[in-house]
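Read through the structure below, which is laid out as structure tokens, and then see the notes.
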Amino acid sequence: MKKLAMVFPGGGSQQIGMFSDMIGKYPTIKETFKEASEVAGYDMWELSLNGPKEKQDAIEYTLPLMLTANVALYRTWISLNGQKPEIMAGHSLGEYSALVSSEALQFKDAVALVALRGKLMQEAVPIGHGQMAAIIGLDDNSIYALCQEASQGEVISPANFNSIGQVVIAGTTNAINRAIAIAKAKKAKVATVLPVSIPSHCPLMKPASDEMAKALDKVSIQSPKIPVLHNFDVMSHNDPTEIRKVLVDQLTNPVRWVDTVNAMEKMDITDIIECGPGKALVGMVKWISRTIVSHSIYPLESMVDTHKKFT
């Protein structure tokens with residue numbers, strides 16, 4: 001029997017018209033969006049279907065929208081009696097989707113938490129003072145050395161270890177610009193600024209993480225019914241206090257996605273399903289592991305095809 005893991009994407013996979021081909025077939029999707037809208041205070045289904053794109057891409061809307069999209073797909077998968085995963089993980093924001101799907105965190109609580117998370121992240125660094133950049137073609141040690149050389153007393157560090165030789169760095173605008181120049185001199189295949197306004201997963205997010213710690217203390221968290229590997233330490237935790245801590249630490253530390261997939265490989269996971277609107281994580285898994293087969297359940301055709309393989 002296939003040994004399955006489920007992974008959930010973070011921000012960046014949102015798109016206008018999400019689920020327009022699935023809504024008539026799977027009522028769970030619309031029900032999940034309605035539930036989220038009651039918490040968010042606006043029509044999240046309308047935002048998903050019609051945008052505008054500028055609003056979808058504003059982080060305080062992106063995070064609850066992606067959480068809702070991910071959870072809607074997972075609920076649909078379960079409603080179809082799809083095989084339950086042995087373990088879960090989420091990329092950045094996706095970690096909240098994993099915790100909801102593992103029944104450690106109530107969905108309504110998660111919607112409120114990620115909306116706050118987006119607001120706090122936006123407020124932590126003034127627009128224009130921080131950036132993120134993608135570096136492709138350098139190994140991890142070179143990335144650490146690059147950040148050290150580019151810092152010159154400013155904040156800059158790895159933010160996402162997405163796949164082999166593909167790392168995102170985050171920090172102050174000046175430090176990122178210096179890092180790009182250094183990376184190009186070191187013959188990186190790609191060294192480019194990403195179109196985001198927030199330097200996520202670096203120490204500049206400390207003000208946001210401090211406030212998120214206070215918010216998480218007020219929310220009920222249970223032991224997950226399915227283990228969740230966390231971005232911060234690539235470990236699963238049963239103690240709610242430890243789960244709160246790693247969610248706080250996640251904001252100021254890198255997403256260790258390569259280590260996460262490698263950990264799943266060591267657990268003899270044979271297949272990974274990306275549970276979200278897109279195939280970003282499917283692509284990352286293919287670059288990281290030669291043994292794990294990756295699948296998507298979005299859009300409708302992918303849901304139907306993958307469901308046949310896991311029922």
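Simple scheme: letters A, B, ... for chains in structure tokens order, numbers from 1 for residues in each chain, numbers from 1 for ligands in the order shown.
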
Quick one: which region 60-126 of chain A residues come within 7 Å of region 267-282 of chain A, and what is the nearest atom pair for each with the distance in Å to one decimal, counting only C-alpha atoms, rows ordered by chain and ascending number, as a Markdown table?
| residue | atom | partner | partner_atom | distance |
| --- | --- | --- | --- | --- |
| A:Ala69 | CA | A:Gly276 | CA | 6.3 |
| A:Asn70 | CA | A:Gly276 | CA | 4.6 |
| A:Leu73 | CA | A:Cys275 | CA | 6.2 |
| A:Tyr74 | CA | A:Cys275 | CA | 6.3 |

List every residue of region 8-219 of chain A that DSSP, applied to the backbone of this structure, places in strand (DSSP E), and write the result as a PyMOL selection string. chain A and resi 8+87-90+130-136+156-163+166-172+190-193

Any chance you could tabulate, as CSV, the residues of region 46-126 of chain A at most 10 Å from region 188-208 of chain A with each one's nearest atom pair and distance in Å to one decimal, using only C-alpha atoms, in chain and rising number order?
residue,atom,partner,partner_atom,distance
A:Asp57,CA,A:Val196,CA,9.0
A:Ala58,CA,A:Ser197,CA,9.1
A:Ile59,CA,A:Ile198,CA,8.7
A:Ser92,CA,A:His201,CA,8.4
A:Leu116,CA,A:Ala208,CA,9.3
A:Arg117,CA,A:Ala208,CA,7.2
A:Gly118,CA,A:Ala208,CA,9.0
A:Lys119,CA,A:Ala208,CA,8.6
A:Leu120,CA,A:Ala208,CA,4.9
A:Met121,CA,A:Ala208,CA,5.5
A:Gln122,CA,A:Ile198,CA,6.3
A:Glu123,CA,A:Ala208,CA,7.8
A:Ala124,CA,A:Pro207,CA,5.7
A:Val125,CA,A:Leu204,CA,6.9
A:Pro126,CA,A:Ile198,CA,8.6

Print the selection's residues with all heavy atoms to a file, as a short mmCIF file (atom, residue, chain, number, x, y, z; two decimals), in the first residue's frame.
data_model
loop_
_atom_site.label_atom_id
_atom_site.label_comp_id
_atom_site.auth_asym_id
_atom_site.auth_seq_id
_atom_site.Cartn_x
_atom_site.Cartn_y
_atom_site.Cartn_z
N ASP A 57 -3.57 39.55 -3.53
CA ASP A 57 -2.13 39.54 -3.29
C ASP A 57 -1.70 40.37 -2.08
O ASP A 57 -0.52 40.37 -1.72
CB ASP A 57 -1.38 40.02 -4.53
CG ASP A 57 -1.50 39.05 -5.69
OD1 ASP A 57 -1.91 37.90 -5.47
OD2 ASP A 57 -1.20 39.44 -6.84
N ALA A 58 -2.63 41.10 -1.47
CA ALA A 58 -2.31 41.84 -0.24
C ALA A 58 -2.28 40.84 0.91
O ALA A 58 -3.24 40.09 1.13
CB ALA A 58 -3.36 42.91 0.01
N ILE A 59 -1.20 40.81 1.66
CA ILE A 59 -0.93 39.69 2.56
C ILE A 59 -2.03 39.44 3.59
O ILE A 59 -2.32 38.30 3.94
CB ILE A 59 0.44 39.86 3.25
CG1 ILE A 59 0.82 38.55 3.97
CG2 ILE A 59 0.45 41.05 4.19
CD1 ILE A 59 2.26 38.48 4.38
N SER A 92 5.44 27.36 5.05
CA SER A 92 5.14 28.68 5.62
C SER A 92 3.71 28.72 6.14
O SER A 92 3.34 27.96 7.02
CB SER A 92 5.41 29.76 4.57
OG SER A 92 5.30 31.05 5.13
N LEU A 116 -4.51 37.96 11.26
CA LEU A 116 -3.68 38.77 12.15
C LEU A 116 -2.21 38.66 11.77
O LEU A 116 -1.47 39.66 11.75
CB LEU A 116 -3.88 38.33 13.59
CG LEU A 116 -2.99 39.01 14.64
CD1 LEU A 116 -3.27 40.50 14.71
CD2 LEU A 116 -3.17 38.36 16.01
N ARG A 117 -1.76 37.44 11.46
CA ARG A 117 -0.38 37.21 11.06
C ARG A 117 0.00 38.08 9.87
O ARG A 117 1.07 38.71 9.84
CB ARG A 117 -0.19 35.73 10.74
CG ARG A 117 1.23 35.30 10.36
CD ARG A 117 1.23 33.79 10.18
NE ARG A 117 2.52 33.23 9.82
CZ ARG A 117 2.95 33.03 8.58
NH1 ARG A 117 2.19 33.40 7.56
NH2 ARG A 117 4.13 32.48 8.35
N GLY A 118 -0.87 38.14 8.87
CA GLY A 118 -0.60 38.96 7.70
C GLY A 118 -0.51 40.44 8.04
O GLY A 118 0.38 41.15 7.56
N LYS A 119 -1.42 40.90 8.89
CA LYS A 119 -1.41 42.30 9.30
C LYS A 119 -0.13 42.64 10.05
O LYS A 119 0.51 43.67 9.81
CB LYS A 119 -2.64 42.59 10.16
CG LYS A 119 -2.76 44.01 10.69
CD LYS A 119 -4.06 44.18 11.45
CE LYS A 119 -4.21 45.59 12.01
NZ LYS A 119 -3.26 45.84 13.13
N LEU A 120 0.26 41.77 10.98
CA LEU A 120 1.45 42.01 11.77
C LEU A 120 2.72 41.97 10.92
O LEU A 120 3.65 42.76 11.13
CB LEU A 120 1.55 40.98 12.89
CG LEU A 120 0.47 41.05 13.97
CD1 LEU A 120 0.57 39.83 14.90
CD2 LEU A 120 0.60 42.34 14.78
N MET A 121 2.76 41.07 9.97
CA MET A 121 3.92 40.98 9.08
C MET A 121 4.06 42.25 8.24
O MET A 121 5.16 42.76 8.04
CB MET A 121 3.80 39.75 8.18
CG MET A 121 3.96 38.43 8.92
SD MET A 121 3.58 37.00 7.89
CE MET A 121 5.02 36.98 6.81
N GLN A 122 2.93 42.75 7.76
CA GLN A 122 2.97 43.97 6.95
C GLN A 122 3.44 45.17 7.77
O GLN A 122 4.16 46.04 7.28
CB GLN A 122 1.59 44.25 6.35
CG GLN A 122 1.56 45.40 5.35
CD GLN A 122 2.33 45.07 4.08
OE1 GLN A 122 1.88 44.30 3.25
NE2 GLN A 122 3.51 45.65 3.92
N GLU A 123 3.04 45.19 9.04
CA GLU A 123 3.39 46.31 9.91
C GLU A 123 4.82 46.23 10.45
O GLU A 123 5.39 47.23 10.87
CB GLU A 123 2.42 46.37 11.09
CG GLU A 123 1.00 46.74 10.70
CD GLU A 123 0.03 46.64 11.86
OE1 GLU A 123 0.42 46.06 12.91
OE2 GLU A 123 -1.12 47.09 11.72
N ALA A 124 5.42 45.04 10.43
CA ALA A 124 6.73 44.83 11.05
C ALA A 124 7.85 45.60 10.35
O ALA A 124 8.79 46.06 11.00
CB ALA A 124 7.06 43.34 11.09
N VAL A 125 7.74 45.72 9.03
CA VAL A 125 8.78 46.39 8.24
C VAL A 125 8.11 47.36 7.27
O VAL A 125 7.26 46.95 6.48
CB VAL A 125 9.62 45.37 7.44
CG1 VAL A 125 10.70 46.08 6.63
CG2 VAL A 125 10.25 44.34 8.38
N PRO A 126 8.46 48.64 7.31
CA PRO A 126 7.85 49.61 6.38
C PRO A 126 8.08 49.18 4.93
O PRO A 126 9.15 48.65 4.59
CB PRO A 126 8.59 50.91 6.70
CG PRO A 126 9.10 50.75 8.10
CD PRO A 126 9.41 49.28 8.24
#

Shell around Asp140 (chain A) at 10 Å using only C-alpha atoms, local window under 4 positions removed, as a PyMOL selection string: chain A and resi 144-146+158+161+164-167

Which of A:Lys286, A:Ile176, A:Asn141, A:Ala110 sits closest to Glu154 (chain A) [using only C-alpha atoms]: A:Ile176

Taking 6 positions as the minimum chain separation for residues in the same chain, which residues sit within 10 Å of Leu113 (chain A) when counting only C-alpha atoms? Answer as JSON, numbers by chain. {"A": [63, 64, 96, 107, 119, 212, 215, 216, 219]}
